[in-house]
Each structure stands twice: as structure tokens, then as C-alpha cells.
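Novice: Dumping the structure here so I can ask a few things about it.
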Amino acid sequence: MKKLFPLLGLALLALTACEGGPSDAPSDQPTTGEPAAITEAALEDHIVTLSSDEFAGRAPSSPGEESTVTYLSDRFAALGLEPGNDGSYSHDVPLVDITADPATASIRVGDPSGGEEIELDYPTDAVVWTTRVVEAAAVEDSEMVFVGYGIVAPEYGWDDYAGLDVEGKTVVILVNDPGYATQNPDLFTGNAMTYYGRWTYKFEEAARQGAAAALVIHQTEPASYGWETVRNSWTGPQFNLRPEDDNMGRVAIEGWLTEETTSAIFQQAGLDLPALQAAALEPDFSAVEMGLTFSSSVQNTLRTSDSRNVIAVLPGSEAPEEYFFYLAHWDHLGTDEALQAAGEDGIYNGAVDNATGTAGLLLLAEAWAAREEPPRRSIVFLAVTAEEQGLLGSKHYGEGPIFPLSRTVAGLNMDGLNYFGPTHDVVVTGHGMSELDGIMEEVAAAAGRRVAPDPTPEAGYYYRSDHFELAKVGVPMIYPNHGIDHVERGVEYGRMRAAEYRAERYHMPTDEYDETWDLSGAVEDLRLYFSFTEAIVDSDTWPQWNEEAEFRAAREASLAAGG
């Protein structure tokens with residue numbers, strides 16, 4: 001699912017913003033020590049091009065992709081950066097578009113041969129699908145088991161599947177994690193969602209446990225979005241990676257149940273949902289056989305295609321086999337031909353999301369290529385595809401990295417730059433996860449700015465953009481976003497601009513470049529990212545995940561494997 005912060009969450013930053021920092025907007029001309037390539041004019045030029053109608057909304061596997069990949073590759077080549085994939089700037093990403101017919105789903109109470117059958121209305125009561133690359137998938141009379149939060153987290157002493165055999169069964173799972181539910185700072189990470197709280201993890205763990213189907217109970221607050229988001233996001237065409245095993249290792253049926261439907265089902269089974277939710281907050285929770293069976297079938301239409309990441313490298317002078325990554329997704333939503341046929345603007349230009357971040361990637365590449373002294377370590381510039389379809393380009397790279405994970409030092413992701421002027425603050429989503437935060441705090445302070453933590457950690461925004469797919473395999477990744485405390489106009493102005501974008505432009509054809517934009521704040525942020533990177537690539541430090549971060553074990557394993 002696409003990350004919505006800062007587009008939806010920026011307004012909440014007013015709760016934590018405070019006064020302080022620079023009093024004047026940065027000049028378009030760099031001061032001594034700042035990279036000359038990073039200017040408003042250069043940034044505007046790239047944004048205008050990438051978000052133009054000629055690029056047709058930059059959809060994966062479309063003519064707009066061809067324009068975008070050519071543009072990025074040509075710019076990297078002109079800068080003298082080396083191709084990042086065995087002599088090529090392109091990194092193929094095999095995709096499959098799965099479009100499911102409205103699925104059938106039902107639950108039977110009691111004996112599968114004669115118990116009462118409850119039909120689930122699609123998509124009012126439930127939304128179900130399969131990520132298997134097959135024309136049809138089904139489960140029939142699969143025994144249902146309530147597994148609490150469906151988490152196996154040894155570092156927290158937690159195992160909801162302990163002593164349980166769910167082979168061929170349907171697991172029913174609560175969303176988020178026990179720390180959020182209790183607001184207990186000593187349980188998981190308290191209010192801040194861990195990856196164990198994300199629906200993606202819950203489906204993955206269910207598959208590891210051998211379940212046939214997995215159903216997550218939707219609740220608006222712990223999910224951080226309403227049922228309409230579920231219905232809109234998981235119906236219609238769904239892009240997925242096209243793995244060699246056709247995703248046959250996933251459960252046959254994945255899905256969501258509304259809270260109201262779940263309550264009715266539990267009542268039919270004679271179970272007390274609130275009591276079981278309370279029990280699931282304890283580490284010694286035992287899963288509950290529900291006395292119900294689940295049946296569902298899905299019919300798919302499949303369309304395969306290939307998309308491409310774009311990757312370039314600036315080799316390091318002393319440690320060329322150690323790598324720092326910059327990430328930005330180049331894709332957006334393409335063109336709606338039905339809107340165009342009706343005489344409307346059907347091009348989803350994606351100017352903010354994410355022509356700005358892609359333009360920032362190009363400017364950082366130009367700044368590093370122009371620096372008099374090359375970096376001690378190598379820098380990789382990775383523009384990924386299919387972020388809007390579920391982080392697929394970055395996921396494909398993370399699952400089959402070109403550069404060894406054990407030699408990848410760290411990285412920074414850009415997803416939507418500042419378009420309304422300079423701010424006192426820079427927000428770090430996922431603040432507190434790694435030692436990268438301290439480095440950002442130091443360079444921000446040197447620039448007269450401050451780092452602000454994510455104001456809504458319970459929503460799990462750290463897991464909703466491309467850096468996550470590298471973090472998941474152990475690479476320490478930082479995800480900075482622009483601030484909200486505008487240097488001249490304050491917090492209320494920042495709140496107003498965020499609300500305006502959310503209501504009038506986000507994922508709409510109206511996300512177009514506007515000549516009234518003030519890109520000086522984006523320039524300030526990019527110069528900050530440049531200084532942040534200098535502190536890492538010109539040193540021999542290896543930033544680590546903090547002790548409680550769920551990615552620490554993966555990092556330790558990759559470093560050990562790489563010697």
C-alpha cells in the first residue's frame with residue numbers, strides 16, 4: 001500500500017513543531033561548501049520534464065516508462081556515472097497484473113457437512129484475493145483458528161504460533177501489534193508500530209506456518225485507514241512481482257474482514273471477540289480453534305510485462321566495494337483513458353509524487369559527480385519502478401541485490417520533496433531505529449535546523465515506501481521528509497498546504513507542476529542530504545540499527561555471511 005505521509009500526515013506535525021532555526025529562506029545560489037548543482041532552477045527543470053504530459057503519468061510497462069527510463073539513463077550517462085547493472089543502467093523487474101473477478105467467500109458454523117453457512121458479501125463484508133500467479137485459487141472448508149496478532153518475534157519473547165499446527169487451516173489475525181494496543185512502552189516498541197504490525201508481515205508469517213488462508217481483522221484506528229481504503233486498494237488490477245515459483249509459497253487466499261463481520265462471526269461461534277483480543281495482548285496467549293470453516297474461490301485474469309529500475313554508480317576512491325544508496329521511485333499512476341474519452345484530464349502527472357524525488361536523485365548525482373574529490377566509498381543512485389503498485393521495484397532489488405548487502409553501508413530514500421518553501425525542521429520517519437538519526441541531527445544542527453520525529457509512529461509509515469525493502473534485508477535506511485514549520489509563515493501555513501494537497505491533488509490528475517511552487521525548501525533539504533551522505537561516504541563508519549529495531553538480526557546475519 002502506498003505511504004501517505006507526509007501527504008496525509010503532515011498536518012499532525014503541528015502538534016510537535018516548535019520555534020527555532022534559520023530565519024531566512026536559502027538563496028538559490030549555494031554558499032561556500034554547498035554543492036553548486038543543487039539549485040531551484042535545475043530542480044524545476046527536471047520536475048517539469050518528468051511530470052509533463054509527454055511522460056503520460058510514468059506508469060510501469062507503458063510508453064511513459066520508456067520516456068522516463070531513457071531520460072534517467074541519459075542524464076546518468078552525461079554525468080559520467082557508471083552503469084550499475086553489468087554495463088547497463090537498466091535493471092529488469094518482471095511484473096504480473098492480476099485482475100480478480102469478484103470473489104466468493106463463506107464461513108460455515110459447526111460440522112462442514114451440515115452446519116449453517118454464512119455468505120460473505122464482497123467487498124462489503126470481506127475482500128479476498130490471491131497473490132499466487134494462477135488463473136484460479138480456492139480453499140474449501142478450511143478450519144479457522146484465531147491466532148491473535150499472528151506474530152513470531154523472538155527478540156520480544158513472542159510467538160503466537162507456539163505449539164500450533166495450522167497446516168491447511170485459515171488463520172484469523174488482529175492488525176497492528178500489542179505495543180500499540182496497550183500503549184505500553186515496554187511491550188514491543190509501544191505506540192510505534194513495528195513491522196510485525198503490518199498486514200504484509202502477517203500474510204508472510206501465515207505462509208511460513210503453512211496456513212491455507214489468512215484473514216486480517218480490519219479496525220480503523222490500528223490499521224490507520226478505513227474500510228474504503230481496503231476496498232479500493234485490494235480490488236481491481238493488482239501488480240505483483242513475477243517470481244519463478246509463481247508465488248506458490250504464499251497462502252492460497254489472503255484477505256480482510258470488516259470488524260462488524262468479524263464480531264458477528266465470533267458470536268455465531270460462541271466466542272467473545274473483546275475477551276480474546278484482551279487475551280492476545282499477553283505473550284503466553286494460546287491460539288483458539290473457532291469451530292468454523294472457511295471457503296473461498298478467486299478467478300483471475302493474468303497479464304505479464306517487464307518494467308525497469310534505473311541504476312548508476314559513482315565509484316569510491318578508497319573503498320569502492322562499500323556502497324551508499326540513494327533511492328527514489330520514478331513511477332506514478334499513468335493515464336486514465338476513460339477520463340480522456342470523456343473530455344477530462346486523464347493524465348496522472350505525479351509532479352510531487354514522485355517527480356520531485358526523482359529530480360532530487362538526479363541533482364544529488366550531479367552534485368556528487370561535480371565534487372572535486374570523489375567520495376571514499378561508492379554511491380549508488382537507484383530509481384525504482386512500481387512503488388505505487390506495492391514497492392515492487394525496490395522489493396525485486398532487495399530480493400536479488402546487484403551489490404552485496406554485506407557491503408551496503410546505508411541509504412536514504414526520497415518520496416515527495418518540499419514545494420512550499422523552507423522549514424525549520426526536517427522530519428525523519430522511523431526516527432529512533434538506527435544510528436543514522438544521530439548523523440542527520442548533527443548535520444541539521446550545523447545548518448541551523450532540527451530533526452523532528454514522525455508524529456504518527458503508530459501508523460507505520462516507515463514500512464510504506466521503498467527504503468523499507470532494503471531495510472527488511474538488513475540495510476540501515478533513513479527516510480527524511482520535509483518539515484512543516486515554515487521559516488516565514490509558521491506551522492499553520494504548512495498545515496494549510498498539506499491539507500490542500502491531500503484534498504485537491506494527491507493521486508489525482510491535478511498533481512501537476514505549479515509555477516507558484518517555492519522550491520527553496522527542497523533545495524535546502526537536498527543540500528542537507530548531501531552533507532549527511534558526506535559524513536558517511538567519506539568515513540569508515542558502519543551505522544547500525546538500534547538494539548530494538550526488528551531489522552538488526554537481518555543486518556547481523558548479512559554481515560556475518562559476508563565476512
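Naming scheme: A, B, ... for chains in displayed order of the C-alpha cells; residues 1 onward per chain; ligands 1 onward as shown.
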Report as JSON lines: every residue of stretch 168-279 of chain A with an atom at most 10 Å from stretch 305-322 of chain A, its closest pair of atoms, and their distance in Å to one decimal, counting only C-alpha atoms, with rows sorted by chain and ascending residue number.
Specialist:
```
{"residue": "A:Phe239", "atom": "CA", "partner": "A:Ser305", "partner_atom": "CA", "distance": 9.9}
{"residue": "A:Leu241", "atom": "CA", "partner": "A:Asp306", "partner_atom": "CA", "distance": 9.6}
{"residue": "A:Arg242", "atom": "CA", "partner": "A:Ser305", "partner_atom": "CA", "distance": 8.9}
```
Novice: How would you write, as a PyMOL selection string, the set of residues in stretch 253-467 of chain A that DSSP gives as helix (DSSP H, G or I)?
Specialist: chain A and resi 259-268+273-279+337-341+351-370+392-399+405-407+436-446+457-459+461-463+467
Novice: Which polymer residues have any atom within 9 Å of an atom of A:Arg208, counting only C-alpha atoms, with same-chain residues fewer than 2 positions away left out, as a PyMOL selection string?
Specialist: chain A and resi 203-206+210-211+249-251
Novice: Next, the residues of the selection above should be written as a CSV table (one decimal), in the first residue's frame with all heavy atoms.
Specialist:
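After the write, again34.csv holds the following:
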```csv
chain,number,residue,atom,x,y,z
A,203,PHE,N,0.6,-11.8,6.5
A,203,PHE,CA,0.4,-12.8,5.4
A,203,PHE,C,1.7,-13.6,5.2
A,203,PHE,O,1.6,-14.8,5.0
A,203,PHE,CB,0.0,-12.1,4.2
A,203,PHE,CG,-1.4,-11.4,4.2
A,203,PHE,CD1,-1.6,-10.2,3.7
A,203,PHE,CD2,-2.4,-12.1,4.8
A,203,PHE,CE1,-2.8,-9.6,3.7
A,203,PHE,CE2,-3.7,-11.5,4.8
A,203,PHE,CZ,-3.9,-10.3,4.2
A,204,GLU,N,2.8,-13.0,5.3
A,204,GLU,CA,4.1,-13.7,5.1
A,204,GLU,C,4.3,-14.8,6.2
A,204,GLU,O,4.7,-15.9,5.9
A,204,GLU,CB,5.3,-12.7,5.2
A,204,GLU,CG,5.3,-11.8,4.0
A,204,GLU,CD,6.3,-10.6,4.2
A,204,GLU,OE1,6.8,-10.5,5.3
A,204,GLU,OE2,6.4,-9.8,3.3
A,205,GLU,N,4.0,-14.4,7.4
A,205,GLU,CA,4.2,-15.4,8.5
A,205,GLU,C,3.2,-16.5,8.4
A,205,GLU,O,3.5,-17.7,8.7
A,205,GLU,CB,4.0,-14.7,9.9
A,205,GLU,CG,4.4,-15.5,11.1
A,205,GLU,CD,5.9,-16.0,11.0
A,205,GLU,OE1,6.8,-15.2,10.8
A,205,GLU,OE2,6.1,-17.3,11.2
A,206,ALA,N,2.0,-16.2,8.0
A,206,ALA,CA,1.0,-17.3,7.9
A,206,ALA,C,1.4,-18.3,6.8
A,206,ALA,O,1.2,-19.5,7.0
A,206,ALA,CB,-0.4,-16.7,7.4
A,210,GLY,N,2.5,-22.5,7.1
A,210,GLY,CA,1.8,-23.5,6.3
A,210,GLY,C,0.3,-23.3,6.2
A,210,GLY,O,-0.4,-24.2,5.8
A,211,ALA,N,-0.3,-22.1,6.6
A,211,ALA,CA,-1.7,-21.9,6.5
A,211,ALA,C,-2.2,-21.9,5.1
A,211,ALA,O,-1.4,-21.6,4.1
A,211,ALA,CB,-2.1,-20.6,7.2
A,249,GLY,N,4.4,-20.3,-2.8
A,249,GLY,CA,4.8,-20.4,-1.4
A,249,GLY,C,3.9,-19.5,-0.5
A,249,GLY,O,4.0,-19.6,0.7
A,250,ARG,N,3.1,-18.6,-1.1
A,250,ARG,CA,2.2,-17.8,-0.4
A,250,ARG,C,0.9,-18.6,0.0
A,250,ARG,O,0.6,-19.7,-0.6
A,250,ARG,CB,1.8,-16.6,-1.2
A,250,ARG,CG,2.9,-15.6,-1.5
A,250,ARG,CD,3.5,-15.0,-0.3
A,250,ARG,NE,2.5,-14.1,0.4
A,250,ARG,CZ,2.6,-12.8,0.3
A,250,ARG,NH1,3.5,-12.2,-0.4
A,250,ARG,NH2,1.7,-12.0,0.9
A,251,VAL,N,0.1,-18.1,0.9
A,251,VAL,CA,-1.2,-18.8,1.2
A,251,VAL,C,-2.1,-18.7,0.0
A,251,VAL,O,-1.9,-17.7,-0.8
A,251,VAL,CB,-1.9,-18.2,2.4
A,251,VAL,CG1,-1.0,-18.3,3.7
A,251,VAL,CG2,-2.2,-16.7,2.2
```
Novice: Got a sec to tell me which of stretch 303-522 of chain A DSSP assigns to strand (DSSP E or B), as a PyMOL selection string?
Specialist: chain A and resi 303-314+319-329+334-335+347-348+377-384+408-414+420+423+425-429+434+450-453+477-482+486+518
Novice: Name the closest residue to A:Asp525 among the candidates A:Asp272, A:Asp86, A:Glu556, A:Glu40; distances are taken between atoms, counting only C-alpha atoms.
Specialist: A:Glu40
Novice: With only C-alpha atoms as the counted atoms, please give the residues lying no more than 12 Å from A:Glu469, apart from itself and same-chain residues fewer than 3 positions off, as a PyMOL selection string.
Specialist: chain A and resi 195+200+327+384+387+390-401+405+411+413+462-466+472-477+551
Novice: Which of these residues is nearest to A:Val230, using only C-alpha atoms: A:Asp125, A:Asp454, A:Glu512, A:Asp518?
Specialist: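 Looking only at the distances to A:Val230, the closest residue turns out to be A:Asp125.
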Novice: Which of these residues is nearest to A:Leu273, using only C-alpha atoms: A:Leu470, A:Leu174, A:Ala365, A:Leu528?
Specialist: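 Selected residue with least distance to A:Leu273: A:Leu174.
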Novice: Excluding A:Glu435 and any residue of its chain fewer than 6 positions from it, enumerate the residues within 10 Å of it, using only C-alpha atoms, and give them as a PDB file with N, CA, C and O atoms, in the first residue's frame.
Specialist:
```pdb
ATOM      1  N   PRO A 476      20.708  -0.469   6.930  1.00  0.00           N
ATOM      2  CA  PRO A 476      20.188   0.706   7.640  1.00  0.00           C
ATOM      3  C   PRO A 476      19.760   1.790   6.648  1.00  0.00           C
ATOM      4  O   PRO A 476      20.556   2.227   5.821  1.00  0.00           O
ATOM      5  N   MET A 477      18.501   2.199   6.722  1.00  0.00           N
ATOM      6  CA  MET A 477      17.941   3.168   5.788  1.00  0.00           C
ATOM      7  C   MET A 477      17.279   4.296   6.556  1.00  0.00           C
ATOM      8  O   MET A 477      16.565   4.056   7.539  1.00  0.00           O
ATOM      9  N   ILE A 478      17.490   5.513   6.077  1.00  0.00           N
ATOM     10  CA  ILE A 478      16.831   6.671   6.672  1.00  0.00           C
ATOM     11  C   ILE A 478      15.823   7.226   5.668  1.00  0.00           C
ATOM     12  O   ILE A 478      16.046   7.201   4.454  1.00  0.00           O
ATOM     13  N   TRP A 542      30.307   2.375  10.083  1.00  0.00           N
ATOM     14  CA  TRP A 542      29.219   1.491   9.644  1.00  0.00           C
ATOM     15  C   TRP A 542      28.036   1.724  10.577  1.00  0.00           C
ATOM     16  O   TRP A 542      27.947   1.111  11.635  1.00  0.00           O
ATOM     17  N   PRO A 543      27.111   2.616  10.215  1.00  0.00           N
ATOM     18  CA  PRO A 543      25.941   2.867  11.091  1.00  0.00           C
ATOM     19  C   PRO A 543      25.154   1.577  11.321  1.00  0.00           C
ATOM     20  O   PRO A 543      24.987   0.768  10.406  1.00  0.00           O
ATOM     21  N   GLN A 544      24.666   1.425  12.540  1.00  0.00           N
ATOM     22  CA  GLN A 544      23.961   0.203  12.912  1.00  0.00           C
ATOM     23  C   GLN A 544      22.504   0.490  13.258  1.00  0.00           C
ATOM     24  O   GLN A 544      22.136   1.615  13.614  1.00  0.00           O
ATOM     25  N   TRP A 545      21.680  -0.560  13.146  1.00  0.00           N
ATOM     26  CA  TRP A 545      20.329  -0.490  13.698  1.00  0.00           C
ATOM     27  C   TRP A 545      20.424  -0.432  15.211  1.00  0.00           C
ATOM     28  O   TRP A 545      21.334  -1.012  15.819  1.00  0.00           O
ATOM     29  N   ASN A 546      19.482   0.253  15.824  1.00  0.00           N
ATOM     30  CA  ASN A 546      19.413   0.243  17.276  1.00  0.00           C
ATOM     31  C   ASN A 546      19.000  -1.132  17.781  1.00  0.00           C
ATOM     32  O   ASN A 546      18.464  -1.955  17.036  1.00  0.00           O
TER      33      ASN A 546
END
```
Novice: Quick one: residues within 8 Å of A:Glu458, only C-alpha atoms counted, chain neighbours fewer than 6 positions away excluded, as a list in words?
Specialist: Tyr180, Asn191, Ala192, Met193, Pro222 and Ser224 of chain A
Novice: Print the selection's residues with N, CA, C and O atoms to a file, as a PDB file, in the first residue's frame.
Specialist:
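Heads up, here's the output in result-v9.pdb:
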```
ATOM      1  N   TYR A 180       1.089  -1.216  20.335  1.00  0.00           N
ATOM      2  CA  TYR A 180       0.121  -0.173  20.006  1.00  0.00           C
ATOM      3  C   TYR A 180      -1.168  -0.361  20.793  1.00  0.00           C
ATOM      4  O   TYR A 180      -1.738   0.597  21.322  1.00  0.00           O
ATOM      5  N   ASN A 191       3.833   2.678  21.312  1.00  0.00           N
ATOM      6  CA  ASN A 191       2.919   3.265  20.345  1.00  0.00           C
ATOM      7  C   ASN A 191       3.432   3.187  18.910  1.00  0.00           C
ATOM      8  O   ASN A 191       2.653   3.269  17.964  1.00  0.00           O
ATOM      9  N   ALA A 192       4.744   3.037  18.729  1.00  0.00           N
ATOM     10  CA  ALA A 192       5.316   2.996  17.389  1.00  0.00           C
ATOM     11  C   ALA A 192       5.156   1.599  16.787  1.00  0.00           C
ATOM     12  O   ALA A 192       5.658   0.627  17.331  1.00  0.00           O
ATOM     13  N   MET A 193       4.443   1.512  15.671  1.00  0.00           N
ATOM     14  CA  MET A 193       4.233   0.216  15.038  1.00  0.00           C
ATOM     15  C   MET A 193       5.561  -0.392  14.603  1.00  0.00           C
ATOM     16  O   MET A 193       6.432   0.294  14.082  1.00  0.00           O
ATOM     17  N   PRO A 222      -6.167   1.053  14.565  1.00  0.00           N
ATOM     18  CA  PRO A 222      -4.882   0.351  14.484  1.00  0.00           C
ATOM     19  C   PRO A 222      -4.384   0.144  13.053  1.00  0.00           C
ATOM     20  O   PRO A 222      -3.180   0.028  12.823  1.00  0.00           O
ATOM     21  N   SER A 224      -4.917   2.407  10.674  1.00  0.00           N
ATOM     22  CA  SER A 224      -4.649   3.808  10.294  1.00  0.00           C
ATOM     23  C   SER A 224      -5.362   4.206   9.003  1.00  0.00           C
ATOM     24  O   SER A 224      -5.066   5.237   8.411  1.00  0.00           O
TER      25      SER A 224
END
```
Novice: Contacts of A:Ala212 at 7 Å or less, counting only C-alpha atoms, minus same-chain residues fewer than 3 places along, as JSON, numbers by chain?
Specialist: {"A": [139, 167, 168, 169, 170, 251, 252, 253]}
Novice: Go through A:Glu442, A:Glu337, A:Asp538, A:Asp74 one by one, measure the shortest atom-to-atom distance of each to A:Arg377 using only C-alpha atoms, and give the residue with the smallest value.
Specialist: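 So, comparing all the options, the nearest one is A:Asp538.
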Novice: Name the closest residue to A:Glu221 among the candidates A:Ala383, A:Ala503, A:Ile439, A:Ala459; distances are taken between atoms, counting only C-alpha atoms.
Specialist: A:Ala459
Novice: Expressed in Å to a single decimal, how great is the separation between atom CA of A:Pro94 and atom CA of A:Thr335?
Specialist: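 That distance, rounded to one decimal, is 21.0 Å.
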Novice: One decimal, in Å: what's the spacing between atom CA of A:Asp101 and atom CA of A:Glu388?
Specialist: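 Between atom CA of A:Asp101 and atom CA of A:Glu388 the gap is 21.7 Å.
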Novice: Can you measure atom CA of A:Ala359 to atom CA of A:Glu492 for me? One decimal in Å is fine.
Specialist: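 Interatomic distance here is 27.6 Å.
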